[in-house]
Structure formats: C-alpha cells, structure tokens
>>> print(open('input.pdb').read())   # PDB, C-alpha atoms
ATOM      1  CA  SER B  28     -19.661  21.722  13.270
ATOM      2  CA  ARG B  29     -16.181  23.170  13.880
ATOM      3  CA  ASP B  30     -15.941  23.905  10.165
ATOM      4  CA  PRO B  31     -18.062  27.025   9.489
ATOM      5  CA  SER B  32     -18.274  26.109   5.806
ATOM      6  CA  LEU B  33     -20.380  23.074   6.773
ATOM      7  CA  LEU B  34     -23.222  25.146   8.237
ATOM      8  CA  GLY B  35     -26.410  23.937   6.625
ATOM      9  CA  TRP B  36     -24.495  21.322   4.670
ATOM     10  CA  GLY B  37     -25.944  17.832   4.551
ATOM     11  CA  VAL B  38     -23.355  15.788   2.654
ATOM     12  CA  VAL B  39     -19.749  15.385   3.823
ATOM     13  CA  GLY B  40     -17.035  13.101   2.429
ATOM     14  CA  LYS B  41     -16.221  10.447   5.020
ATOM     15  CA  THR B  42     -13.807   8.062   3.301
ATOM     16  CA  GLY B  43     -11.673   7.658   0.213
ATOM     17  CA  ILE B  44     -11.339  10.321  -2.446
ATOM     18  CA  GLU B  45     -14.529  12.046  -1.247
ATOM     19  CA  ARG B  46     -12.903  12.695   2.106
ATOM     20  CA  SER B  47      -9.564  13.812   0.651
ATOM     21  CA  TYR B  48     -11.209  16.322  -1.682
ATOM     22  CA  ASP B  49     -14.290  17.120   0.383
ATOM     23  CA  ALA B  50     -13.690  20.878   0.308
ATOM     24  CA  VAL B  51     -13.332  20.830  -3.495
ATOM     25  CA  LEU B  52     -16.476  18.748  -4.050
ATOM     26  CA  ARG B  53     -18.557  20.566  -1.458
ATOM     27  CA  GLY B  54     -18.388  24.112  -2.812
ATOM     28  CA  GLU B  55     -19.686  26.974  -0.672
ATOM     29  CA  PRO B  56     -23.178  27.280   0.845
ATOM     30  CA  GLY B  57     -25.212  30.362   0.081
ATOM     31  CA  VAL B  58     -26.468  32.839   2.683
ATOM     32  CA  LYS B  59     -30.055  34.126   2.815
ATOM     33  CA  ILE B  60     -31.201  37.037   5.023
ATOM     34  CA  VAL B  61     -34.729  36.590   6.403
ATOM     35  CA  GLU B  62     -36.646  39.344   8.243
ATOM     36  CA  THR B  63     -39.383  38.157  10.645
ATOM     37  CA  ASP B  64     -41.735  39.784  13.089
ATOM     38  CA  SER B  65     -42.100  38.873  16.763
ATOM     39  CA  LYS B  66     -44.396  35.978  15.871
ATOM     40  CA  GLY B  67     -41.875  34.487  13.469
ATOM     41  CA  SER B  68     -43.768  35.416  10.332
ATOM     42  CA  ILE B  69     -41.521  36.267   7.389
ATOM     43  CA  LEU B  70     -41.684  39.900   6.377
ATOM     44  CA  SER B  71     -38.990  39.847   3.719
ATOM     45  CA  GLU B  72     -36.096  37.745   2.533
ATOM     46  CA  GLY B  73     -33.272  37.953   0.058
ATOM     47  CA  ILE B  74     -30.114  36.198  -0.982
ATOM     48  CA  PHE B  75     -27.044  37.773   0.597
ATOM     49  CA  GLN B  76     -24.560  35.361  -0.923
ATOM     50  CA  LYS B  77     -25.256  32.912  -3.726
ATOM     51  CA  ASP B  78     -24.088  29.343  -3.239
ATOM     52  CA  LYS B  79     -21.182  28.022  -5.280
ATOM     53  CA  LYS B  80     -21.364  24.486  -6.579
ATOM     54  CA  GLY B  81     -18.410  22.216  -5.934
ATOM     55  CA  ARG B  82     -16.038  21.221  -8.678
ATOM     56  CA  ASN B  83     -16.159  17.861 -10.406
ATOM     57  CA  LEU B  84     -13.219  15.517  -9.971
ATOM     58  CA  PHE B  85     -11.866  13.389 -12.783
ATOM     59  CA  LEU B  86      -9.933  10.388 -11.513
ATOM     60  CA  SER B  87      -7.233   8.317 -13.176
ATOM     61  CA  ILE B  88      -8.927   5.075 -12.107
ATOM     62  CA  SER B  89     -10.358   3.034 -14.954
ATOM     63  CA  ALA B  90     -13.852   1.767 -14.162
ATOM     64  CA  ASP B  91     -13.434  -1.122 -16.618
ATOM     65  CA  LEU B  92     -10.031  -2.154 -15.277
ATOM     66  CA  GLN B  93     -11.267  -1.834 -11.694
ATOM     67  CA  LYS B  94     -14.042  -4.345 -12.379
ATOM     68  CA  VAL B  95     -11.682  -6.827 -14.035
ATOM     69  CA  VAL B  96      -9.094  -6.594 -11.251
ATOM     70  CA  TYR B  97     -11.730  -6.835  -8.504
ATOM     71  CA  ALA B  98     -13.132 -10.010 -10.085
ATOM     72  CA  ALA B  99      -9.625 -11.511 -10.313
ATOM     73  CA  VAL B 100      -8.825 -10.731  -6.657
ATOM     74  CA  GLN B 101     -12.202 -12.071  -5.550
ATOM     75  CA  ARG B 102     -11.719 -15.292  -7.487
ATOM     76  CA  THR B 103      -8.209 -15.840  -6.087
ATOM     77  CA  ALA B 104      -9.246 -15.081  -2.505
ATOM     78  CA  ASP B 105     -12.277 -17.364  -2.668
ATOM     79  CA  GLU B 106     -10.399 -20.232  -4.321
ATOM     80  CA  ARG B 107      -7.576 -20.147  -1.781
ATOM     81  CA  GLY B 108      -9.675 -19.462   1.289
ATOM     82  CA  PHE B 109      -8.241 -15.997   1.992
ATOM     83  CA  LYS B 110     -10.241 -13.518   4.077
ATOM     84  CA  GLY B 111      -9.467 -10.747   1.635
ATOM     85  CA  GLY B 112      -7.049  -9.357  -0.891
ATOM     86  CA  SER B 113      -5.946  -6.242  -2.705
ATOM     87  CA  SER B 114      -4.415  -5.114  -5.960
ATOM     88  CA  VAL B 115      -2.838  -1.932  -7.295
ATOM     89  CA  ALA B 116      -2.229  -0.982 -10.945
ATOM     90  CA  LEU B 117      -0.116   2.113 -11.682
ATOM     91  CA  ASP B 118       0.510   3.899 -14.960
ATOM     92  CA  ALA B 119       4.203   3.204 -15.628
ATOM     93  CA  ARG B 120       4.616   6.605 -17.294
ATOM     94  CA  THR B 121       3.082   8.843 -14.632
ATOM     95  CA  GLY B 122       2.475   6.832 -11.455
ATOM     96  CA  GLU B 123      -1.264   7.527 -11.710
ATOM     97  CA  VAL B 124      -3.475   4.876 -10.137
ATOM     98  CA  LEU B 125      -5.400   2.898 -12.754
ATOM     99  CA  ALA B 126      -6.910   0.348 -10.341
ATOM    100  CA  LEU B 127      -7.071   0.239  -6.549
ATOM    101  CA  VAL B 128      -8.923  -2.826  -5.309
ATOM    102  CA  SER B 129      -9.728  -3.911  -1.768
ATOM    103  CA  TYR B 130     -11.644  -7.153  -1.429
ATOM    104  CA  PRO B 131     -14.202  -7.633   0.007
ATOM    105  CA  GLY B 132     -15.592  -4.250  -0.922
ATOM    106  CA  PHE B 133     -18.886  -2.562  -0.130
ATOM    107  CA  ASP B 134     -21.545  -0.488  -1.860
ATOM    108  CA  ALA B 135     -20.694   3.141  -1.077
ATOM    109  CA  ASN B 136     -24.248   4.196  -1.928
ATOM    110  CA  VAL B 137     -25.598   1.931   0.816
ATOM    111  CA  MET B 138     -23.280   3.466   3.413
ATOM    112  CA  SER B 139     -24.040   7.002   2.212
ATOM    113  CA  THR B 140     -27.821   6.632   2.427
ATOM    114  CA  GLY B 141     -27.915   4.191   5.346
ATOM    115  CA  ALA B 142     -30.358   1.982   3.483
ATOM    116  CA  PRO B 143     -31.240  -0.786   3.305
ATOM    117  CA  ARG B 144     -30.403  -1.104   6.997
ATOM    118  CA  GLU B 145     -29.910  -4.858   6.743
ATOM    119  CA  GLU B 146     -27.077  -4.334   4.238
ATOM    120  CA  VAL B 147     -25.502  -1.655   6.438
ATOM    121  CA  SER B 148     -25.561  -4.052   9.392
ATOM    122  CA  ARG B 149     -24.046  -6.821   7.275
ATOM    123  CA  ILE B 150     -21.185  -4.580   6.139
ATOM    124  CA  LEU B 151     -20.447  -3.357   9.663
ATOM    125  CA  SER B 152     -20.513  -6.862  11.171
ATOM    126  CA  ASP B 153     -18.500  -8.610   8.423
ATOM    127  CA  THR B 154     -15.398 -10.093  10.096
ATOM    128  CA  ARG B 155     -13.482  -9.661   6.822
ATOM    129  CA  HIS B 156     -13.636  -5.870   7.372
ATOM    130  CA  PRO B 157     -14.846  -4.593   3.975
ATOM    131  CA  LEU B 158     -14.495  -0.972   5.144
ATOM    132  CA  PHE B 159     -10.732  -1.439   5.594
ATOM    133  CA  SER B 160      -8.706  -0.154   2.625
ATOM    134  CA  ARG B 161      -6.156  -2.937   2.248
ATOM    135  CA  PRO B 162      -3.984  -1.502  -0.548
ATOM    136  CA  VAL B 163      -3.374   1.783   1.269
ATOM    137  CA  ALA B 164      -3.694   0.946   4.973
ATOM    138  CA  GLY B 165      -2.979  -2.803   5.109
ATOM    139  CA  LEU B 166       0.466  -3.816   6.397
ATOM    140  CA  TYR B 167       1.794  -7.211   5.358
ATOM    141  CA  PRO B 168       5.162  -9.013   5.245
ATOM    142  CA  PRO B 169       6.204  -8.594   1.586
ATOM    143  CA  ALA B 170       7.734 -12.110   1.561
ATOM    144  CA  SER B 171       9.466 -13.070  -1.693
ATOM    145  CA  THR B 172       8.289  -9.931  -3.520
ATOM    146  CA  ILE B 173      11.157  -8.152  -1.704
ATOM    147  CA  LYS B 174      13.836 -10.268  -3.441
ATOM    148  CA  PRO B 175      14.277  -8.149  -6.622
ATOM    149  CA  PHE B 176      15.100  -5.129  -4.460
ATOM    150  CA  LEU B 177      17.636  -7.142  -2.490
ATOM    151  CA  ALA B 178      19.187  -8.259  -5.775
ATOM    152  CA  ALA B 179      19.464  -4.633  -6.928
ATOM    153  CA  ALA B 180      21.143  -3.703  -3.640
ATOM    154  CA  ALA B 181      23.596  -6.617  -3.902
ATOM    155  CA  ILE B 182      24.620  -5.556  -7.419
ATOM    156  CA  ASP B 183      25.027  -1.916  -6.396
ATOM    157  CA  GLU B 184      27.123  -2.856  -3.355
ATOM    158  CA  ASN B 185      29.219  -5.448  -5.227
ATOM    159  CA  ILE B 186      28.121  -8.179  -2.832
ATOM    160  CA  ILE B 187      28.031 -10.790  -5.569
ATOM    161  CA  ASP B 188      28.494 -10.978  -9.317
ATOM    162  CA  PRO B 189      25.072 -11.756 -10.851
ATOM    163  CA  ASN B 190      26.675 -14.584 -12.836
ATOM    164  CA  THR B 191      28.189 -16.255  -9.748
ATOM    165  CA  VAL B 192      26.588 -19.620  -9.051
ATOM    166  CA  LEU B 193      25.701 -20.528  -5.460
ATOM    167  CA  TYR B 194      25.079 -24.158  -4.513
ATOM    168  CA  THR B 195      22.018 -23.711  -2.325
ATOM    169  CA  GLU B 196      21.359 -27.333  -1.192
ATOM    170  CA  GLY B 197      17.919 -26.420   0.184
ATOM    171  CA  ARG B 198      19.085 -24.959   3.490
ATOM    172  CA  ILE B 199      21.657 -22.968   5.441
ATOM    173  CA  VAL B 200      23.103 -24.472   8.612
ATOM    174  CA  VAL B 201      24.418 -22.039  11.215
ATOM    175  CA  PRO B 202      26.602 -23.727  13.885
ATOM    176  CA  ASN B 203      25.605 -23.320  17.525
ATOM    177  CA  PRO B 204      28.780 -22.452  19.492
ATOM    178  CA  PHE B 205      27.075 -23.387  22.759
ATOM    179  CA  ASP B 206      25.688 -26.707  21.536
ATOM    180  CA  PRO B 207      27.400 -28.107  18.396
ATOM    181  CA  ASN B 208      24.816 -30.908  18.205
ATOM    182  CA  HIS B 209      21.967 -28.451  17.687
ATOM    183  CA  PRO B 210      22.786 -26.002  14.880
ATOM    184  CA  THR B 211      20.204 -23.526  13.596
ATOM    185  CA  ILE B 212      18.805 -24.518  10.211
ATOM    186  CA  PHE B 213      17.236 -22.038   7.785
ATOM    187  CA  LYS B 214      15.320 -23.957   5.147
ATOM    188  CA  ASP B 215      14.486 -23.117   1.575
ATOM    189  CA  TRP B 216      11.018 -23.922   0.264
ATOM    190  CA  LYS B 217      12.753 -26.316  -2.147
ATOM    191  CA  ASN B 218      16.269 -27.492  -2.959
ATOM    192  CA  HIS B 219      17.025 -25.434  -6.064
ATOM    193  CA  GLY B 220      20.603 -26.661  -6.416
ATOM    194  CA  PRO B 221      23.087 -24.366  -8.217
ATOM    195  CA  VAL B 222      21.616 -20.948  -9.106
ATOM    196  CA  ASP B 223      22.910 -17.585 -10.258
ATOM    197  CA  MET B 224      21.009 -14.355  -9.556
ATOM    198  CA  ILE B 225      18.612 -14.600 -12.521
ATOM    199  CA  GLU B 226      17.807 -18.221 -11.729
ATOM    200  CA  ALA B 227      17.449 -17.422  -8.011
ATOM    201  CA  LEU B 228      14.884 -14.745  -8.823
ATOM    202  CA  ALA B 229      13.062 -17.041 -11.248
ATOM    203  CA  VAL B 230      12.717 -19.918  -8.755
ATOM    204  CA  SER B 231      12.572 -17.630  -5.675
ATOM    205  CA  SER B 232      15.444 -19.343  -3.883
ATOM    206  CA  ASP B 233      15.408 -18.484  -0.179
ATOM    207  CA  VAL B 234      18.955 -19.733   0.421
ATOM    208  CA  TYR B 235      20.395 -17.497  -2.304
ATOM    209  CA  PHE B 236      18.814 -14.418  -0.725
ATOM    210  CA  TYR B 237      19.694 -15.527   2.811
ATOM    211  CA  THR B 238      23.275 -15.530   1.559
ATOM    212  CA  ILE B 239      23.384 -12.139  -0.158
ATOM    213  CA  GLY B 240      21.302 -10.527   2.601
ATOM    214  CA  GLY B 241      22.763 -11.937   5.813
ATOM    215  CA  GLY B 242      25.959 -13.492   4.490
ATOM    216  CA  TYR B 243      27.182 -17.089   4.428
ATOM    217  CA  GLY B 244      30.486 -18.744   3.622
ATOM    218  CA  ALA B 245      32.591 -16.599   1.299
ATOM    219  CA  VAL B 246      29.737 -14.120   0.680
ATOM    220  CA  LYS B 247      29.738 -11.360   3.278
ATOM    221  CA  GLY B 248      26.156 -10.234   2.662
ATOM    222  CA  LEU B 249      24.546  -6.819   2.846
ATOM    223  CA  GLY B 250      23.694  -6.852   6.548
ATOM    224  CA  VAL B 251      20.757  -5.154   8.229
ATOM    225  CA  GLU B 252      22.048  -1.576   7.849
ATOM    226  CA  ARG B 253      22.495  -1.720   4.079
ATOM    227  CA  MET B 254      19.273  -3.681   3.574
ATOM    228  CA  HIS B 255      17.463  -0.978   5.547
ATOM    229  CA  ASP B 256      19.106   1.739   3.448
ATOM    230  CA  TYR B 257      18.164   0.195   0.109
ATOM    231  CA  PHE B 258      14.636  -0.747   1.110
ATOM    232  CA  GLN B 259      14.157   2.854   2.207
ATOM    233  CA  ARG B 260      15.456   4.088  -1.159
ATOM    234  CA  PHE B 261      12.728   2.059  -2.840
ATOM    235  CA  GLY B 262      10.076   3.724  -0.684
ATOM    236  CA  PHE B 263       9.444   1.072   1.957
ATOM    237  CA  GLY B 264       8.828   2.184   5.538
ATOM    238  CA  GLN B 265       7.345   5.514   4.424
ATOM    239  CA  ARG B 266       4.082   6.811   3.019
ATOM    240  CA  THR B 267       3.862   7.209  -0.743
ATOM    241  CA  GLY B 268       2.007  10.523  -0.419
ATOM    242  CA  ILE B 269      -1.009   9.316  -2.376
ATOM    243  CA  ASP B 270      -3.964  11.717  -2.297
ATOM    244  CA  LEU B 271      -5.983   9.426  -0.006
ATOM    245  CA  LEU B 272      -6.159   9.642   3.777
ATOM    246  CA  GLY B 273      -5.317   6.821   6.170
ATOM    247  CA  GLU B 274      -2.147   5.596   4.435
ATOM    248  CA  ALA B 275       0.049   3.357   6.597
ATOM    249  CA  GLU B 276       3.785   3.913   6.911
ATOM    250  CA  GLY B 277       5.106   0.359   7.058
ATOM    251  CA  LEU B 278       8.200  -0.862   8.902
ATOM    252  CA  ILE B 279      11.826  -1.597   8.065
ATOM    253  CA  PRO B 280      13.391  -3.017  11.250
ATOM    254  CA  THR B 281      16.823  -1.956  12.526
ATOM    255  CA  LYS B 282      19.105  -3.128  15.304
ATOM    256  CA  GLU B 283      17.953  -0.195  17.425
ATOM    257  CA  TRP B 284      14.294  -0.978  16.741
ATOM    258  CA  LYS B 285      14.720  -4.575  17.865
ATOM    259  CA  ALA B 286      16.576  -3.548  21.047
ATOM    260  CA  GLU B 287      13.760  -1.158  21.977
ATOM    261  CA  THR B 288      10.932  -3.480  20.975
ATOM    262  CA  TYR B 289      12.353  -6.700  22.433
ATOM    263  CA  PRO B 290      14.359  -5.724  25.540
ATOM    264  CA  ASN B 291      14.501  -9.369  26.638
ATOM    265  CA  ASP B 292      16.184 -10.348  23.350
ATOM    266  CA  PRO B 293      17.792  -7.116  22.119
ATOM    267  CA  LEU B 294      20.590  -8.610  20.000
ATOM    268  CA  TRP B 295      20.224  -8.540  16.221
ATOM    269  CA  ARG B 296      21.129 -12.041  15.053
ATOM    270  CA  VAL B 297      22.083 -13.407  11.652
ATOM    271  CA  GLY B 298      18.729 -15.190  11.605
ATOM    272  CA  ASP B 299      16.989 -11.809  11.828
ATOM    273  CA  SER B 300      18.911 -10.720   8.716
ATOM    274  CA  TYR B 301      17.984 -13.962   6.953
ATOM    275  CA  ASN B 302      14.293 -13.421   7.695
ATOM    276  CA  MET B 303      14.545  -9.820   6.488
ATOM    277  CA  SER B 304      16.252 -11.037   3.293
ATOM    278  CA  ILE B 305      13.165 -12.975   2.211
ATOM    279  CA  GLY B 306      10.624 -10.353   3.317
ATOM    280  CA  GLN B 307       9.639 -12.079   6.543
ATOM    281  CA  GLY B 308      10.272 -11.277  10.201
ATOM    282  CA  TRP B 309       9.288  -7.732  11.110
ATOM    283  CA  LEU B 310       9.401  -6.186   7.634
ATOM    284  CA  LEU B 311       5.974  -4.719   6.763
ATOM    285  CA  SER B 312       4.719  -3.027   3.611
ATOM    286  CA  THR B 313       1.472  -1.863   2.055
ATOM    287  CA  PRO B 314       0.475  -3.205  -1.391
ATOM    288  CA  LEU B 315       0.678   0.391  -2.664
ATOM    289  CA  GLN B 316       4.295   0.708  -1.470
ATOM    290  CA  MET B 317       5.135  -2.547  -3.218
ATOM    291  CA  ALA B 318       3.520  -1.364  -6.464
ATOM    292  CA  ARG B 319       5.460   1.919  -6.370
ATOM    293  CA  ALA B 320       8.733   0.121  -5.581
ATOM    294  CA  THR B 321       8.186  -2.281  -8.487
ATOM    295  CA  LEU B 322       7.534   0.679 -10.766
ATOM    296  CA  ALA B 323      10.798   2.232  -9.514
ATOM    297  CA  LEU B 324      12.665  -0.883 -10.665
ATOM    298  CA  ALA B 325      11.091  -0.538 -14.103
ATOM    299  CA  ARG B 326      12.016   3.160 -14.215
ATOM    300  CA  GLY B 327      15.643   2.661 -13.248
ATOM    301  CA  GLY B 328      15.240   3.715  -9.621
ATOM    302  CA  GLU B 329      12.888   6.709 -10.013
ATOM    303  CA  LEU B 330      10.191   6.867  -7.316
ATOM    304  CA  LEU B 331       6.934   8.395  -8.548
ATOM    305  CA  GLN B 332       4.158   9.675  -6.300
ATOM    306  CA  PRO B 333       0.923   7.795  -7.007
ATOM    307  CA  ARG B 334      -2.146   9.959  -7.530
ATOM    308  CA  VAL B 335      -5.853   9.230  -7.898
ATOM    309  CA  MET B 336      -7.144  12.663  -8.962
ATOM    310  CA  ARG B 337      -6.325  13.646 -12.528
ATOM    311  CA  SER B 338      -8.116  17.000 -12.830
ATOM    312  CA  THR B 339     -11.007  19.155 -11.608
ATOM    313  CA  ALA B 340     -13.580  21.175 -13.505
ATOM    314  CA  SER B 341     -16.492  23.437 -12.669
ATOM    315  CA  PRO B 342     -19.942  21.823 -13.090
ATOM    316  CA  SER B 343     -20.699  24.100 -16.066
ATOM    317  CA  SER B 344     -17.448  23.353 -17.907
ATOM    318  CA  ARG B 345     -17.399  21.268 -21.055
ATOM    319  CA  VAL B 346     -14.556  18.890 -20.295
ATOM    320  CA  SER B 347     -12.837  17.008 -23.088
ATOM    321  CA  ILE B 348     -11.329  13.743 -21.886
ATOM    322  CA  SER B 349      -8.684  12.233 -24.119
ATOM    323  CA  THR B 350      -8.947   8.717 -22.638
ATOM    324  CA  PRO B 351     -12.558   8.209 -21.497
ATOM    325  CA  ALA B 352     -11.969   4.550 -20.591
ATOM    326  CA  LEU B 353      -9.449   5.695 -17.987
ATOM    327  CA  GLU B 354     -11.652   8.220 -16.238
ATOM    328  CA  ILE B 355     -14.153   8.152 -13.408
ATOM    329  CA  ALA B 356     -15.931  11.417 -12.668
ATOM    330  CA  ILE B 357     -17.103  12.361  -9.178
ATOM    331  CA  ARG B 358     -19.615  15.155  -9.213
ATOM    332  CA  GLY B 359     -19.573  18.165  -6.909
ATOM    333  CA  MET B 360     -22.861  19.107  -5.315
TER     334      MET B 360
END
>>> encode(input="input.pdb", output="structure tokens")
Amino acid sequence: SRDPSLLGWGVVGKTGIERSYDAVLRGEPGVKIVETDSKGSILSEGIFQKDKKGRNLFLSISADLQKVVYAAVQRTADERGFKGGSSVALDARTGEVLALVSYPGFDANVMSTGAPREEVSRILSDTRHPLFSRPVAGLYPPASTIKPFLAAAAIDENIIDPNTVLYTEGRIVVPNPFDPNHPTIFKDWKNHGPVDMIEALAVSSDVYFYTIGGGYGAVKGLGVERMHDYFQRFGFGQRTGIDLLGEAEGLIPTKEWKAETYPNDPLWRVGDSYNMSIGQGWLLSTPLQMARATLALARGGELLQPRVMRSTASPSSRVSISTPALEIAIRGM
C-alpha cells in the first residue's frame, strides 16, 4: 500500500463514513521485532511499538428515524414504480444529519465480508444501483421544490408585491416574430386562475413562477443572472461540505454555460429562463443541497454545514450520550 500506516492492516474503510474517517477508526498498528537464525527459526521477539486502537465515532444519525424514513421512501418508490429514491432529515438547530436514506440500499456487512457471494453478486448486478448514494451524489432537476427560493428572490429584488394577483390562465403564450401563426406556448400543469404569491406556492403554479422568473407582460422578471445569484446564495451548484466523500456539485446554468455547452444554439432564450424558474431545464441539485437550502429558508437565510459525525472517543472511555435515540456508534478496531 502507498499508505505506510496500512502495513499489516486488514480492514480499510471503502465507502461512507468509514471511508471519510478511516484514519480515525483504524488507529495505529503495532511493531514487533523478531530475531531469527539462518533457517528462519525464531530466536527472540519483542514488541517495539504497541498498537493503538482506533477511536469510536458517534454519529448524529438516528437509527430509529433512519428505519422509519427508509420504509417510507421504499413504500413510495414501489407504489409509484420509481427505480429508487432518497431522503434527508437535518436538525434545524445545528444542521446535523438525523437521517440519510438512499433506496434501494444494501447490507454493508455483506459487502465487507464478501459473503454470501450470491448476495454480493445480486447487489453488484442490480440495475437500480444500490451502491450509489443518491442523497449526496445524485443530481436531479429540483422541479417545483425550487419555487420558494425564487419567491424569496423576487421579494428581495422587488420584482413583485407578494399580494399582487396574477391571472395565470393555465399558460403563457410567447409570440413568434418569424411566424405569428405559431407562437411558443408554455403550459401550466393546471389553470389556477388568479393567484398571489402565497396561493401560487400552495398550488405550485408554473405560470406565476414563469412570470417572476423570466418575465411576462408588466412583470419584468428576475432573469437568468439574478436567478443564478440567488440560487447560489441558497447553496445550489456547490458542495455542502458534508463529512462524506463523493458529494456532487450540482449545476446552475448561465448564459455563458449554454453558449459553451450548446454551440449550435448558444443564445439564452426566455424559454430557458422559464424552464429554470420551475426547476427544470439544466438546473441540477442533490437532495442534500435541497434539504440544506430549505433549512436556510427556515433560518432566515443562514446556510449551515451538514455533518454526520457528532463526536469521537477512545475505546476505553466511558461516554455519556445525552440523546441515545439520536446516536449511532461506529467502533474503532
């Protein structure tokens, strides 16, 4: 191994928290000096350096909550025919992770021991990719979950008074200057009629958010630059810094990004802004980013860094845990 501390070591953290804190859990191997003769027979031996056991980790994840959330995600995915799903629960006071579910999951003990081999083969060949950590590494269009953040941006930028009523009519029609008989139509999922901001959020009106995002009629709209700025303020398009490896960054598109990515259609159009306004198009987020952003709304704009590890302790320590239902311990070797 390239890591000299792994000499003679048989267990190494490969994924998840065990990989992030491998050096803490592993400890330090001992060193024994052995004297032999020319035939290999041992003449004497002694311990040169005693091994040091790794520290125990105490996590913020609740084992009970994890089971409940996993069952809920599994039930929803199975009922709706989804290949998988994920869920994140954060402590609103600290940002600590209370549940982090990726469905379908796998038995870590099976992958650690390599047995039974049939189960290992099933996990590796499952087309639903149970080894993939969806909440941390999965990138998905946030869709309508992005709308509260757009509403916050519109208020901050004085785009629209929250009490102003827009008559949505179920669609926006954008005239085609080159062919007046074929305008571009951006549909809502339903004709919600007249809505103010609170009502638009409650019924998830696409037309309302098309309007405040890309502009329509008398409402100028935020535009791509300000949408990008505010989404970035809420932590989208960047890693949260959680103490797990493999976190995805996400994507907030810009005019420059589109020009580079689509050289045959480099122009940013109003339709691109409309799609961005309802969390579609090229906007991508992880479930963890969305959970942190939602927590930021609840905390008045404060972005917290989610963490999984709560504390460490030596194997011989007597650790007093104030909230045992919210702790999972991982033992050092």
>>> atom_distance(input="input.pdb", atom1="atom CA of B:Lys214", atom2="atom CA of B:Asp233")
7.6 Å
>>> closest_residue(input="input.pdb", among="B:Trp284, B:Phe176, B:Trp295, B:Phe213", to="B:Glu196", atoms="only C-alpha atoms")
B:Phe213
>>> atom_distance(input="input.pdb", atom1="atom CA of B:Gly264", atom2="atom CA of B:Gln316")
8.5 Å
>>> closest_residue(input="input.pdb", among="B:Leu330, B:Val230, B:Leu272, B:Ala135", to="B:Tyr48", atoms="all atoms listed in the file")
B:Leu272
>>> closest_residue(input="input.pdb", among="B:Ala275, B:Leu193, B:Ala90, B:Leu125", to="B:Pro333", atoms="only C-alpha atoms")
B:Leu125
>>> atom_distance(input="input.pdb", atom1="atom CA of B:Tyr167", atom2="atom CA of B:Tyr130")
15.1 Å
>>> residues_around(input="input.pdb", residues="B:Arg149", least_positions_apart="4", cutoff="12 Å", atoms="only C-alpha atoms", output="PDB file with C-alpha atoms, keeping the file's coordinate frame")
ATOM      1  CA  PHE B 133     -18.886  -2.562  -0.130  1.00  0.00           C
ATOM      2  CA  ASP B 134     -21.545  -0.488  -1.860  1.00  0.00           C
ATOM      3  CA  VAL B 137     -25.598   1.931   0.816  1.00  0.00           C
ATOM      4  CA  MET B 138     -23.280   3.466   3.413  1.00  0.00           C
ATOM      5  CA  GLY B 141     -27.915   4.191   5.346  1.00  0.00           C
ATOM      6  CA  ALA B 142     -30.358   1.982   3.483  1.00  0.00           C
ATOM      7  CA  PRO B 143     -31.240  -0.786   3.305  1.00  0.00           C
ATOM      8  CA  ARG B 144     -30.403  -1.104   6.997  1.00  0.00           C
ATOM      9  CA  GLU B 145     -29.910  -4.858   6.743  1.00  0.00           C
ATOM     10  CA  ASP B 153     -18.500  -8.610   8.423  1.00  0.00           C
ATOM     11  CA  THR B 154     -15.398 -10.093  10.096  1.00  0.00           C
ATOM     12  CA  ARG B 155     -13.482  -9.661   6.822  1.00  0.00           C
ATOM     13  CA  HIS B 156     -13.636  -5.870   7.372  1.00  0.00           C
ATOM     14  CA  PRO B 157     -14.846  -4.593   3.975  1.00  0.00           C
ATOM     15  CA  LEU B 158     -14.495  -0.972   5.144  1.00  0.00           C
TER      16      LEU B 158
END
>>> residues_around(input="input.pdb", residues="B:Leu294", least_positions_apart="5", cutoff="10 Å", atoms="only C-alpha atoms", output="list in words")
Lys282, Glu283, Lys285, Ala286, Tyr289 and Asp299 of chain B
>>> resolve_selection(input="input.pdb", expression="the PyMOL selection byres ((chain B and resi 96) around 12)", output="list in words")
Ile88, Ser89, Ala90, Asp91, Leu92, Gln93, Lys94, Val95, Tyr97, Ala98, Ala99, Val100, Gln101, Arg102, Thr103, Gly112, Ser113, Ser114, Val115, Ala116, Leu125, Ala126, Leu127, Val128, Ser129 and Tyr130 of chain B
>>> axis_aligned_box(input="input.pdb", around="stretch 193-211 of chain B", padding_each_side="6 Å", output="JSON")
{"center_x": 23.3, "center_y": -25.7, "center_z": 8.6, "size_x": 22.9, "size_y": 22.4, "size_z": 40.2}
>>> resolve_selection(input="input.pdb", expression="the PyMOL selection byres ((chain B and resi 274) around 9)", output="mmCIF file with C-alpha atoms, keeping the file's coordinate frame")
data_model
loop_
_atom_site.group_PDB
_atom_site.id
_atom_site.type_symbol
_atom_site.label_atom_id
_atom_site.label_comp_id
_atom_site.auth_asym_id
_atom_site.auth_seq_id
_atom_site.Cartn_x
_atom_site.Cartn_y
_atom_site.Cartn_z
ATOM 1 C CA SER B 160 -8.706 -0.154 2.625
ATOM 2 C CA PRO B 162 -3.984 -1.502 -0.548
ATOM 3 C CA VAL B 163 -3.374 1.783 1.269
ATOM 4 C CA ALA B 164 -3.694 0.946 4.973
ATOM 5 C CA GLY B 165 -2.979 -2.803 5.109
ATOM 6 C CA ARG B 266 4.082 6.811 3.019
ATOM 7 C CA THR B 267 3.862 7.209 -0.743
ATOM 8 C CA GLY B 268 2.007 10.523 -0.419
ATOM 9 C CA ILE B 269 -1.009 9.316 -2.376
ATOM 10 C CA LEU B 271 -5.983 9.426 -0.006
ATOM 11 C CA LEU B 272 -6.159 9.642 3.777
ATOM 12 C CA GLY B 273 -5.317 6.821 6.170
ATOM 13 C CA ALA B 275 0.049 3.357 6.597
ATOM 14 C CA GLU B 276 3.785 3.913 6.911
ATOM 15 C CA THR B 313 1.472 -1.863 2.055
#
>>> closest_residue(input="input.pdb", among="B:Lys174, B:Lys77, B:Arg253, B:Arg161", to="B:Pro56", atoms="only C-alpha atoms")
B:Lys77
>>> resolve_selection(input="input.pdb", expression="the PyMOL selection byres ((chain B and resi 232) around 9)", output="list in words")
Ser171, Thr195, Gly197, Asp215, Trp216, Lys217, Asn218, His219, Val222, Glu226, Ala227, Leu228, Ala229, Val230, Ser231, Asp233, Val234, Tyr235, Phe236 and Tyr237 of chain B
>>> closest_residue(input="input.pdb", among="B:Ile199, B:Leu322, B:Asp292, B:Ile279", to="B:Tyr257", atoms="all atoms listed in the file")
B:Ile279
>>> closest_residue(input="input.pdb", among="B:Pro342, B:Gly73, B:Pro189, B:Pro168", to="B:Leu278", atoms="only C-alpha atoms")
B:Pro168
>>> residues_around(input="input.pdb", residues="B:Ile74", least_positions_apart="5", cutoff="10 Å", atoms="only C-alpha atoms", output="list of chain:residue names")
B:Gly57, B:Val58, B:Lys59, B:Ile60, B:Val61
>>> residues_near_point(input="input.pdb", point="(9.9, -9.2, 3.0)", cutoff="9 Å", atoms="only C-alpha atoms", output="PyMOL selection string")
chain B and resi 167-174+302-312
